[in-house]
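**Q** File name protein-v6.cif; file contents mmCIF, C-alpha atoms; full text below.
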```
data_start
#
loop_
_atom_site.group_PDB
_atom_site.id
_atom_site.type_symbol
_atom_site.label_atom_id
_atom_site.label_comp_id
_atom_site.auth_asym_id
_atom_site.auth_seq_id
_atom_site.Cartn_x
_atom_site.Cartn_y
_atom_site.Cartn_z
ATOM 1 C CA MET I 1 -26.352 19.286 -29.768
ATOM 2 C CA SER I 2 -25.989 19.989 -26.062
ATOM 3 C CA ILE I 3 -23.049 21.759 -24.450
ATOM 4 C CA TYR I 4 -21.987 18.378 -23.158
ATOM 5 C CA ASP I 5 -21.869 17.099 -26.736
ATOM 6 C CA GLU I 6 -19.847 20.189 -27.638
ATOM 7 C CA LEU I 7 -17.444 19.433 -24.790
ATOM 8 C CA LEU I 8 -16.836 15.930 -26.016
ATOM 9 C CA ALA I 9 -16.458 17.204 -29.565
ATOM 10 C CA ARG I 10 -13.697 19.580 -28.437
ATOM 11 C CA VAL I 11 -11.950 16.670 -26.700
ATOM 12 C CA ASN I 12 -12.248 14.336 -29.653
ATOM 13 C CA GLU I 13 -11.377 16.689 -32.495
ATOM 14 C CA THR I 14 -7.957 16.673 -34.124
ATOM 15 C CA PRO I 15 -6.074 18.323 -32.577
ATOM 16 C CA PRO I 16 -8.094 18.444 -29.364
ATOM 17 C CA ARG I 17 -8.894 21.836 -27.950
ATOM 18 C CA LEU I 18 -9.965 20.508 -24.565
ATOM 19 C CA PHE I 19 -8.495 17.795 -22.377
ATOM 20 C CA GLU I 20 -10.292 16.061 -19.557
ATOM 21 C CA LEU I 21 -8.353 16.081 -16.319
ATOM 22 C CA GLN I 22 -7.946 12.643 -14.796
ATOM 23 C CA PRO I 23 -6.355 12.203 -11.367
ATOM 24 C CA GLN I 24 -2.706 11.287 -11.610
ATOM 25 C CA MET I 25 -2.588 9.047 -8.553
ATOM 26 C CA PRO I 26 -3.232 5.351 -9.136
ATOM 27 C CA GLY I 27 -6.559 4.376 -7.674
ATOM 28 C CA SER I 28 -7.961 7.899 -7.604
ATOM 29 C CA LEU I 29 -11.259 8.347 -9.374
ATOM 30 C CA ALA I 30 -12.838 11.348 -11.039
ATOM 31 C CA VAL I 31 -16.089 12.176 -9.264
ATOM 32 C CA ARG I 32 -16.571 15.655 -10.725
ATOM 33 C CA ARG I 33 -15.370 16.529 -14.213
ATOM 34 C CA MET I 34 -12.917 19.162 -15.328
ATOM 35 C CA PHE I 35 -11.811 20.003 -18.824
ATOM 36 C CA LEU I 36 -8.670 22.011 -19.481
ATOM 37 C CA SER I 37 -7.502 24.183 -22.326
ATOM 38 C CA GLU I 38 -4.432 22.848 -24.085
ATOM 39 C CA GLU I 39 -2.155 25.323 -22.331
ATOM 40 C CA LEU I 40 -3.430 24.423 -18.878
ATOM 41 C CA PHE I 41 -3.282 20.737 -19.670
ATOM 42 C CA LEU I 42 0.347 20.969 -20.749
ATOM 43 C CA ARG I 43 1.235 23.100 -17.718
ATOM 44 C CA THR I 44 -0.183 20.493 -15.374
ATOM 45 C CA ARG I 45 1.863 17.642 -16.856
ATOM 46 C CA ALA I 46 5.036 16.678 -15.033
ATOM 47 C CA PRO I 47 7.928 17.318 -15.112
ATOM 48 C CA TRP I 48 7.690 20.833 -13.712
ATOM 49 C CA GLU I 49 10.488 23.352 -13.440
ATOM 50 C CA ASP I 50 9.227 24.690 -10.153
ATOM 51 C CA GLU I 51 6.573 24.088 -7.546
ATOM 52 C CA SER I 52 3.763 26.248 -8.910
ATOM 53 C CA PHE I 53 2.099 23.812 -11.281
ATOM 54 C CA GLY I 54 2.629 20.843 -8.994
ATOM 55 C CA TYR I 55 0.586 22.677 -6.371
ATOM 56 C CA LEU I 56 -1.917 23.748 -9.014
ATOM 57 C CA LEU I 57 -2.497 20.193 -10.172
ATOM 58 C CA SER I 58 -3.225 19.121 -6.601
ATOM 59 C CA VAL I 59 -5.801 21.918 -6.349
ATOM 60 C CA LEU I 60 -7.500 20.975 -9.613
ATOM 61 C CA GLU I 61 -7.557 17.320 -8.610
ATOM 62 C CA LYS I 62 -9.166 18.284 -5.320
ATOM 63 C CA PHE I 63 -12.187 19.333 -7.370
ATOM 64 C CA VAL I 64 -12.079 16.348 -9.725
ATOM 65 C CA GLU I 65 -11.687 13.763 -6.954
ATOM 66 C CA GLY I 66 -14.888 15.055 -5.372
ATOM 67 C CA ARG I 67 -13.187 16.248 -2.216
ATOM 68 C CA MET I 68 -14.745 18.769 0.151
ATOM 69 C CA ILE I 69 -14.025 22.267 -1.127
ATOM 70 C CA SER I 70 -14.624 25.751 0.174
ATOM 71 C CA LEU I 71 -16.879 27.788 -2.088
ATOM 72 C CA ARG I 72 -17.452 31.507 -2.381
ATOM 73 C CA PHE I 73 -20.876 32.492 -3.666
ATOM 74 C CA PRO I 74 -22.403 35.994 -3.684
ATOM 75 C CA PRO I 75 -22.776 37.947 -1.490
ATOM 76 C CA SER I 76 -19.639 36.530 0.141
ATOM 77 C CA LYS I 77 -16.378 38.312 -0.579
ATOM 78 C CA ASN I 78 -14.155 35.660 0.992
ATOM 79 C CA VAL I 79 -10.681 35.778 -0.493
ATOM 80 C CA GLU I 80 -9.615 32.386 0.822
ATOM 81 C CA ALA I 81 -12.114 30.013 -0.842
ATOM 82 C CA ASN I 82 -10.871 27.232 -3.117
ATOM 83 C CA LEU I 83 -13.466 28.133 -5.758
ATOM 84 C CA ALA I 84 -15.091 31.534 -6.199
ATOM 85 C CA LEU I 85 -17.730 33.042 -8.497
ATOM 86 C CA LEU I 86 -16.183 36.293 -9.604
ATOM 87 C CA ASP I 87 -17.850 39.679 -9.524
ATOM 88 C CA PRO I 88 -20.033 40.472 -11.296
ATOM 89 C CA PRO I 89 -21.726 37.044 -11.129
ATOM 90 C CA GLU I 90 -23.594 37.712 -14.389
ATOM 91 C CA GLU I 91 -20.261 37.245 -16.176
ATOM 92 C CA ARG I 92 -20.415 33.562 -15.112
ATOM 93 C CA ILE I 93 -16.666 33.223 -14.653
ATOM 94 C CA TRP I 94 -15.181 31.350 -11.722
ATOM 95 C CA GLU I 95 -11.760 31.400 -10.176
ATOM 96 C CA ILE I 96 -9.846 28.431 -8.753
ATOM 97 C CA ARG I 97 -7.183 29.505 -6.315
ATOM 98 C CA SER I 98 -3.820 27.864 -5.828
ATOM 99 C CA ARG I 99 -2.466 29.652 -2.799
ATOM 100 C CA GLU I 100 0.404 27.535 -1.570
ATOM 101 C CA SER I 101 2.946 28.296 -4.257
ATOM 102 C CA ASP I 102 5.003 31.431 -4.608
ATOM 103 C CA PRO I 103 3.770 33.114 -6.693
ATOM 104 C CA GLN I 104 0.186 31.989 -6.189
ATOM 105 C CA LEU I 105 -1.760 31.024 -9.299
ATOM 106 C CA ARG I 106 -5.335 31.613 -10.372
ATOM 107 C CA VAL I 107 -7.260 29.569 -12.936
ATOM 108 C CA PHE I 108 -10.332 30.967 -14.673
ATOM 109 C CA GLY I 109 -13.202 29.148 -16.306
ATOM 110 C CA GLY I 110 -16.884 28.372 -16.224
ATOM 111 C CA PHE I 111 -19.247 25.545 -15.523
ATOM 112 C CA ALA I 112 -20.680 23.689 -18.487
ATOM 113 C CA LYS I 113 -23.184 22.110 -16.131
ATOM 114 C CA THR I 114 -23.349 21.015 -12.521
ATOM 115 C CA ASN I 115 -20.092 19.397 -11.382
ATOM 116 C CA THR I 116 -18.471 19.995 -14.781
ATOM 117 C CA PHE I 117 -15.908 22.793 -14.923
ATOM 118 C CA VAL I 118 -14.068 24.068 -17.981
ATOM 119 C CA ALA I 119 -10.749 25.693 -17.023
ATOM 120 C CA LEU I 120 -9.414 27.883 -19.789
ATOM 121 C CA THR I 121 -6.934 30.494 -18.601
ATOM 122 C CA TRP I 122 -4.556 31.197 -15.751
ATOM 123 C CA ASP I 123 -2.360 33.897 -14.334
ATOM 124 C CA GLN I 124 -0.048 34.587 -11.455
ATOM 125 C CA ARG I 125 -1.827 36.310 -8.573
ATOM 126 C CA PRO I 126 0.674 39.188 -8.308
ATOM 127 C CA ARG I 127 -0.161 40.168 -11.911
ATOM 128 C CA LEU I 128 -3.831 40.568 -10.958
ATOM 129 C CA ASP I 129 -3.091 43.712 -9.033
ATOM 130 C CA SER I 130 -5.728 46.077 -10.400
ATOM 131 C CA GLU I 131 -9.395 46.157 -11.269
ATOM 132 C CA GLU I 132 -8.419 46.370 -14.918
ATOM 133 C CA ALA I 133 -6.341 43.226 -14.645
ATOM 134 C CA TRP I 134 -9.265 41.314 -13.190
ATOM 135 C CA LYS I 135 -11.631 42.638 -15.856
ATOM 136 C CA PHE I 136 -9.190 41.570 -18.527
ATOM 137 C CA ALA I 137 -8.893 38.108 -16.971
ATOM 138 C CA ILE I 138 -12.678 37.712 -17.070
ATOM 139 C CA LYS I 139 -13.008 39.008 -20.631
ATOM 140 C CA ASP I 140 -10.122 36.883 -21.860
ATOM 141 C CA CYS I 141 -11.702 33.773 -20.377
ATOM 142 C CA GLN I 142 -15.080 34.640 -21.853
ATOM 143 C CA ALA I 143 -13.537 35.143 -25.294
ATOM 144 C CA LYS I 144 -11.897 31.723 -25.142
ATOM 145 C CA TRP I 145 -15.200 30.213 -24.004
ATOM 146 C CA ARG I 146 -17.046 31.717 -26.967
ATOM 147 C CA ARG I 147 -14.490 30.307 -29.398
ATOM 148 C CA LEU I 148 -15.037 26.842 -27.946
ATOM 149 C CA PHE I 149 -18.798 27.036 -27.424
ATOM 150 C CA PRO I 150 -20.279 29.709 -29.718
ATOM 151 C CA ALA I 151 -23.838 28.624 -28.972
ATOM 152 C CA TYR I 152 -23.568 28.097 -25.221
ATOM 153 C CA PRO I 153 -22.654 30.587 -22.501
ATOM 154 C CA PRO I 154 -21.325 29.208 -19.228
ATOM 155 C CA HIS I 155 -23.880 27.571 -16.974
ATOM 156 C CA ILE I 156 -25.606 29.883 -14.550
ATOM 157 C CA GLY I 157 -27.569 29.132 -11.410
ATOM 158 C CA THR I 158 -29.100 30.789 -8.396
ATOM 159 C CA HIS I 159 -27.791 28.424 -5.733
ATOM 160 C CA PRO I 160 -24.376 26.858 -5.140
ATOM 161 C CA ASN I 161 -25.958 23.435 -5.674
ATOM 162 C CA ASP I 162 -26.534 24.458 -9.274
ATOM 163 C CA TYR I 163 -22.748 24.356 -9.709
ATOM 164 C CA VAL I 164 -21.400 21.859 -7.167
ATOM 165 C CA SER I 165 -24.002 19.391 -6.049
ATOM 166 C CA ALA I 166 -22.312 18.206 -2.869
ATOM 167 C CA LYS I 167 -19.203 18.268 -0.709
ATOM 168 C CA TYR I 168 -18.696 21.997 -0.358
ATOM 169 C CA LEU I 169 -18.722 24.526 2.454
ATOM 170 C CA LEU I 170 -19.757 28.103 1.808
ATOM 171 C CA VAL I 171 -17.280 30.607 3.181
ATOM 172 C CA MET L 1 -5.726 8.179 -17.617
ATOM 173 C CA THR L 2 -4.372 4.685 -18.080
ATOM 174 C CA THR L 3 -2.799 2.700 -15.274
ATOM 175 C CA SER L 4 0.536 2.815 -17.061
ATOM 176 C CA GLN L 5 0.368 6.628 -17.209
ATOM 177 C CA GLN L 6 -0.441 6.763 -13.504
ATOM 178 C CA ASN L 7 2.437 4.383 -12.795
ATOM 179 C CA THR L 8 4.760 6.672 -14.748
ATOM 180 C CA PHE L 9 3.656 9.603 -12.612
ATOM 181 C CA LEU L 10 4.951 7.826 -9.509
ATOM 182 C CA SER L 11 8.002 6.228 -11.030
ATOM 183 C CA ASP L 12 10.408 9.133 -10.595
ATOM 184 C CA LEU L 13 9.672 9.133 -6.882
ATOM 185 C CA PHE L 14 11.585 5.883 -6.624
ATOM 186 C CA THR L 15 14.030 5.955 -9.508
ATOM 187 C CA ARG L 16 15.684 9.337 -9.041
ATOM 188 C CA GLU L 17 18.157 10.300 -6.388
ATOM 189 C CA SER L 18 16.088 13.312 -5.378
ATOM 190 C CA ILE L 19 12.368 13.937 -5.774
ATOM 191 C CA PRO L 20 11.677 16.775 -8.229
ATOM 192 C CA ILE L 21 10.444 20.010 -6.652
ATOM 193 C CA GLY L 22 7.210 19.899 -8.638
ATOM 194 C CA LYS L 23 6.388 16.445 -7.312
ATOM 195 C CA LEU L 24 7.174 17.518 -3.784
ATOM 196 C CA ALA L 25 4.752 20.396 -4.274
ATOM 197 C CA TYR L 26 2.050 18.143 -5.703
ATOM 198 C CA PHE L 27 2.186 15.789 -2.746
ATOM 199 C CA ARG L 28 2.341 18.662 -0.269
ATOM 200 C CA GLY L 29 -0.815 19.943 -1.925
ATOM 201 C CA ARG L 30 -2.480 16.543 -1.693
ATOM 202 C CA LEU L 31 -1.783 16.286 2.013
ATOM 203 C CA SER L 32 -3.020 19.800 2.560
ATOM 204 C CA ASN L 33 -6.186 18.982 0.587
ATOM 205 C CA ARG L 34 -6.893 15.946 2.711
ATOM 206 C CA ILE L 35 -6.414 17.756 5.967
ATOM 207 C CA HIS L 36 -8.597 20.590 4.739
ATOM 208 C CA GLU L 37 -11.269 18.131 3.692
ATOM 209 C CA LEU L 38 -11.143 16.474 7.101
ATOM 210 C CA VAL L 39 -11.779 19.744 8.884
ATOM 211 C CA LEU L 40 -14.416 20.957 6.422
ATOM 212 C CA GLU L 41 -16.365 17.712 6.572
ATOM 213 C CA ALA L 42 -16.348 17.721 10.354
ATOM 214 C CA PHE L 43 -17.480 21.327 10.490
ATOM 215 C CA ALA L 44 -20.106 20.974 7.768
ATOM 216 C CA HIS L 45 -21.558 17.916 9.468
ATOM 217 C CA LEU L 46 -21.791 19.615 12.860
ATOM 218 C CA GLU L 47 -23.036 22.892 11.439
ATOM 219 C CA ALA L 48 -25.782 21.163 9.474
ATOM 220 C CA ALA L 49 -26.846 19.344 12.623
ATOM 221 C CA GLY L 50 -27.023 22.631 14.480
ATOM 222 C CA GLY L 51 -24.206 21.582 16.752
ATOM 223 C CA ILE L 52 -21.745 24.399 16.111
ATOM 224 C CA THR L 53 -21.266 27.792 14.554
ATOM 225 C CA ARG L 54 -18.099 29.540 13.495
ATOM 226 C CA ALA L 55 -18.476 31.824 16.475
ATOM 227 C CA ASP L 56 -18.749 28.795 18.792
ATOM 228 C CA LEU L 57 -15.630 27.222 17.366
ATOM 229 C CA ALA L 58 -13.780 30.517 17.574
ATOM 230 C CA ARG L 59 -14.661 30.897 21.250
ATOM 231 C CA ARG L 60 -13.654 27.351 22.068
ATOM 232 C CA ILE L 61 -10.145 27.734 20.679
ATOM 233 C CA GLY L 62 -9.545 31.369 21.528
ATOM 234 C CA LYS L 63 -9.751 32.844 18.052
ATOM 235 C CA LYS L 64 -11.904 35.427 16.280
ATOM 236 C CA PRO L 65 -14.744 34.178 14.053
ATOM 237 C CA GLU L 66 -13.203 35.819 11.005
ATOM 238 C CA GLN L 67 -10.068 33.764 11.581
ATOM 239 C CA ILE L 68 -12.173 30.611 11.546
ATOM 240 C CA THR L 69 -13.735 31.695 8.262
ATOM 241 C CA ARG L 70 -10.284 32.313 6.781
ATOM 242 C CA TRP L 71 -9.026 28.947 7.947
ATOM 243 C CA LEU L 72 -12.059 27.140 6.611
ATOM 244 C CA GLY L 73 -11.520 28.876 3.282
ATOM 245 C CA ASN L 74 -8.046 27.609 2.632
ATOM 246 C CA PRO L 75 -5.486 25.487 4.438
ATOM 247 C CA GLY L 76 -2.536 27.247 2.870
ATOM 248 C CA ASN L 77 -1.134 28.680 6.087
ATOM 249 C CA TRP L 78 -2.235 25.965 8.490
ATOM 250 C CA GLU L 79 0.227 24.554 10.968
ATOM 251 C CA SER L 80 -0.248 21.309 12.855
ATOM 252 C CA ASP L 81 -1.388 23.378 15.842
ATOM 253 C CA THR L 82 -4.126 24.893 13.698
ATOM 254 C CA VAL L 83 -5.362 21.467 12.610
ATOM 255 C CA SER L 84 -5.315 20.162 16.156
ATOM 256 C CA ASP L 85 -7.147 23.174 17.540
ATOM 257 C CA LEU L 86 -9.834 23.203 14.860
ATOM 258 C CA LEU L 87 -10.569 19.516 15.212
ATOM 259 C CA LEU L 88 -10.405 19.514 18.985
ATOM 260 C CA GLY L 89 -12.689 22.520 19.079
ATOM 261 C CA MET L 90 -15.240 20.335 17.307
ATOM 262 C CA GLY L 91 -14.566 17.374 19.575
ATOM 263 C CA PHE L 92 -12.356 15.369 17.230
ATOM 264 C CA GLU L 93 -8.860 14.010 17.058
ATOM 265 C CA PRO L 94 -7.423 12.727 13.756
ATOM 266 C CA ARG L 95 -6.286 9.144 13.308
ATOM 267 C CA LEU L 96 -3.313 8.706 10.991
ATOM 268 C CA SER L 97 -2.311 5.972 8.589
ATOM 269 C CA LEU L 98 -0.062 5.512 5.568
ATOM 270 C CA ILE L 99 -0.259 4.425 1.971
ATOM 271 C CA ASP L 100 2.809 2.577 0.715
ATOM 272 C CA LEU L 101 3.249 4.186 -2.693
ATOM 273 C CA ARG L 102 5.622 1.485 -3.874
ATOM 274 C CA LYS L 103 3.153 -1.269 -3.138
ATOM 275 C CA ARG L 104 0.098 0.986 -3.252
ATOM 276 C CA SER L 105 -1.193 -0.692 -0.180
ATOM 277 C CA PHE L 106 -2.918 0.858 2.803
ATOM 278 C CA ILE L 107 -1.203 0.540 6.175
ATOM 279 C CA ALA L 108 -2.992 1.451 9.367
ATOM 280 C CA ALA L 109 -0.831 3.235 11.914
ATOM 281 C CA GLU L 110 -1.031 0.382 14.389
ATOM 282 C CA GLU L 111 0.112 -2.048 11.703
ATOM 283 C CA PHE L 112 3.118 -0.024 10.613
ATOM 284 C CA ALA L 113 5.143 -0.928 13.662
ATOM 285 C CA GLN L 114 4.557 -4.591 12.935
ATOM 286 C CA LEU L 115 5.935 -4.540 9.397
ATOM 287 C CA PRO L 116 8.261 -7.532 8.958
ATOM 288 C CA SER L 117 11.294 -5.362 8.226
ATOM 289 C CA LEU L 118 10.864 -3.359 11.415
ATOM 290 C CA THR L 119 10.038 -6.417 13.509
ATOM 291 C CA SER L 120 13.163 -8.164 12.276
ATOM 292 C CA LEU L 121 15.243 -5.097 12.980
ATOM 293 C CA ARG L 122 13.992 -4.971 16.568
ATOM 294 C CA ALA L 123 14.676 -8.647 17.043
ATOM 295 C CA ALA L 124 18.186 -8.266 15.686
ATOM 296 C CA ASN L 125 18.907 -5.329 17.974
ATOM 297 C CA ASP L 126 17.423 -6.824 21.115
ATOM 298 C CA PRO L 127 16.443 -10.474 20.728
ATOM 299 C CA GLN L 128 15.647 -10.935 24.413
ATOM 300 C CA LYS L 129 13.284 -7.993 24.562
ATOM 301 C CA HIS L 130 11.745 -9.044 21.311
ATOM 302 C CA ALA L 131 11.021 -12.522 22.621
ATOM 303 C CA GLU L 132 9.606 -11.181 25.862
ATOM 304 C CA GLU L 133 7.219 -8.874 24.064
ATOM 305 C CA GLY L 134 6.072 -11.842 21.992
ATOM 306 C CA LEU L 135 5.946 -9.870 18.805
ATOM 307 C CA ALA L 136 4.408 -11.923 16.032
ATOM 308 C CA THR L 137 5.339 -11.690 12.372
ATOM 309 C CA ARG L 138 2.881 -9.397 10.593
ATOM 310 C CA PRO L 139 0.752 -11.012 7.913
ATOM 311 C CA GLN L 140 1.447 -9.943 4.331
ATOM 312 C CA ALA L 141 -0.186 -6.592 3.529
ATOM 313 C CA GLN L 142 -3.148 -6.645 1.210
ATOM 314 C CA ASN L 143 -2.189 -5.122 -2.113
ATOM 315 C CA THR L 144 -5.375 -3.150 -2.465
ATOM 316 C CA PHE L 145 -4.868 0.540 -3.041
ATOM 317 C CA GLN L 146 -7.207 2.593 -0.942
ATOM 318 C CA ARG L 147 -8.558 5.726 -2.590
ATOM 319 C CA LYS L 148 -9.718 7.362 0.611
ATOM 320 C CA PRO L 149 -7.200 9.613 2.354
ATOM 321 C CA GLU L 150 -5.164 8.168 5.177
ATOM 322 C CA LEU L 151 -6.512 10.590 7.756
ATOM 323 C CA ALA L 152 -9.653 9.484 9.483
ATOM 324 C CA VAL L 153 -11.510 11.243 12.240
ATOM 325 C CA ALA L 154 -12.035 9.620 15.590
ATOM 326 C CA GLN L 155 -14.426 11.398 17.870
ATOM 327 C CA ALA L 156 -12.705 12.341 21.067
ATOM 328 C CA SER L 157 -14.264 10.615 24.008
#
```
Could you render the structure as structure tokens?
**A**
Amino acid sequence: MSIYDELLARVNETPPRLFELQPQMPGSLAVRRMFLSEELFLRTRAPWEDESFGYLLSVLEKFVEGRMISLRFPPSKNVEANLALLDPPEERIWEIRSRESDPQLRVFGGFAKTNTFVALTWDQRPRLDSEEAWKFAIKDCQAKWRRLFPAYPPHIGTHPNDYVSAKYLLV
Amino acid sequence: MTTSQQNTFLSDLFTRESIPIGKLAYFRGRLSNRIHELVLEAFAHLEAAGGITRADLARRIGKKPEQITRWLGNPGNWESDTVSDLLLGMGFEPRLSLIDLRKRSFIAAEEFAQLPSLTSLRAANDPQKHAEEGLATRPQAQNTFQRKPELAVAQAS
């Protein structure tokens, strides 16, 4: 059974533990794939009490709709990129940044394979105000990954194309 | 997602007295994404062709290269001046158009002024001027929803 089979199994089990994100706008198509934990999926469903998760959904859909994204890949330390491989890269955890809301949000997850992202956890950027907080965010995400995919660590590659095959700009 | 679920997502834009803050945020984010994509695609295309570097673009619009890198990273703090400068620095000017969310039909900017409701309004306000300009009734819009964003890039001559 491949990790892709495991992904679909998580989506199809009762109750599901993963939910595939489909663009909300009529006519929009999913070009890349993203799977969300139940908590993230519920957070990104309207109605929203404030702006934060409305902005976040637009950021996640930017990835899914195959739009051009800015990508941070080692050795870059760019803090502005839409999608960033966190340090240390051997941990295989990525961060999606939603910067337009107040407070800003961060989503953490890993790639199951090229163009297929599994988003599992999130936090408000102001709470990630120490090295320990970031380490915890990475470990928490990894723990949730292992519960979902005991036999498969997140995908790892040596080049950005191993993660996002097209439509990105390295920053 | 089913069509009916997508329709539901838009429905409160037109059925409620005020648009919920979360929906406002979502659409602000969408617009920001599209503008960001426009700039990134233009830059990536030129950079790959060897036509520009971040330092070049910075020089052309009077900014530091690190500012260009920050802007390319995220459009969160972009103003319209930023968009104009970045695109112009690469030799582009954006072309704008609209998507009618009620009808989900694409309307080019030059067609918008010719919408029947606006044409009729002009004629009612100034029938003589309207006749002189020879404005024709606009054909019915095609009800085909365009997926591509409404911003397109026209290379500045």
**Q** Can you tell me, as a ChimeraX atom specification, what residues are no more than 12 Å from Gln22 (chain I) when counting all atoms listed in the file, ignoring any on the same chain fewer than 2 positions away?
**A** /I:19-20,24-36,41,44-45,57-58,60-66 /L:1-3,5-6
**Q** Contacts from chain I to chain L, 8 Å maximum, all atoms listed in the file: show me the residue list as a PyMOL selection string.
**A** chain I and resi 22-29+46-59+62+67-71+78-82+99-100+167+169+171
**Q** Please write the residues picked by the PyMOL selection byres ((chain I and resi 10) around 12) on this file as a PyMOL selection string.
**A** chain I and resi 3-9+11-20+35-38+118+145+147-149
**Q** To one decimal in Å, tell me the separation between CA of Thr116 (chain I) and CA of Glu91 (chain I).
**A**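 Between CA of Thr116 (chain I) and CA of Glu91 (chain I) the gap is 17.4 Å.
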**Q** What does the distance from CA of Pro94 (chain L) to CA of Ala166 (chain I) come to in Å, to one decimal?
**A** 23.0 Å
**Q** Taking all atoms listed in the file into account, which of I:Ile156, I:Leu128, I:Leu170, I:Ile93 comes nearest Ala143 (chain I)?
**A**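 Looking at the shortest contact to Ala143 (chain I), the residue is I:Ile93.
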**Q** Applying the PyMOL selection byres ((chain L and resi 49-57) around 10) to the file I just gave you, which residues come out? Please list them as a list in words.
**A**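 Applying the expression gives Phe43, Ala44, His45, Leu46, Glu47, Ala48, Ala58, Arg59, Arg60, Ile61, Gly62, Lys63, Lys64, Pro65, Glu66, Gln67, Ile68, Thr69, Leu72, Asp85, Leu86, Leu87, Leu88, Gly89 and Met90 of chain L.
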**Q** Just the residues within 10 Å of Pro88 (chain I), please, counting only C-alpha atoms, with nothing from its chain fewer than 3 positions along; format it as a list in words.
**A** Pro74, Leu85, Glu91, Arg92, Ile93, Lys135 and Ile138 of chain I
**Q** Where's the centre, and what are the edge lengths in Å to one decimal, of a box along x, y and z enclosing all listed atoms of region 104-119 of chain I padded 8 Å per side, as AutoDock Vina command-line options?
**A**
```
--center_x -11.6 --center_y 25.7 --center_z -12.3 --size_x 39.5 --size_y 28.6 --size_z 28.3
```
**Q** Please list as a PDB file with C-alpha atoms, keeping the file's coordinate frame every residue within 8 Å of Asp123 (chain I), counting all atoms listed in the file and excluding residues in the same chain fewer than 2 positions away.
**A**
```
ATOM      1  CA  LEU I 105      -1.760  31.024  -9.299  1.00  0.00           C
ATOM      2  CA  ARG I 106      -5.335  31.613 -10.372  1.00  0.00           C
ATOM      3  CA  VAL I 107      -7.260  29.569 -12.936  1.00  0.00           C
ATOM      4  CA  THR I 121      -6.934  30.494 -18.601  1.00  0.00           C
ATOM      5  CA  ARG I 125      -1.827  36.310  -8.573  1.00  0.00           C
ATOM      6  CA  ARG I 127      -0.161  40.168 -11.911  1.00  0.00           C
ATOM      7  CA  LEU I 128      -3.831  40.568 -10.958  1.00  0.00           C
TER       8      LEU I 128
END
```
**Q** In Å to one decimal, how far is CA of Asp87 (chain I) from CA of Lys139 (chain I)?
**A**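 If I compute the distance from CA of Lys139 (chain I) to CA of Asp87 (chain I), I get 12.1 Å.
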**Q** Could you check which residues have any atom within 9 Å of (-22.1, 29.0, -17.2), counting all atoms listed in the file with coordinates taken straight from the file, and then list them as a ChimeraX atom specification?
**A** /I:91-93,109-113,152-157,163
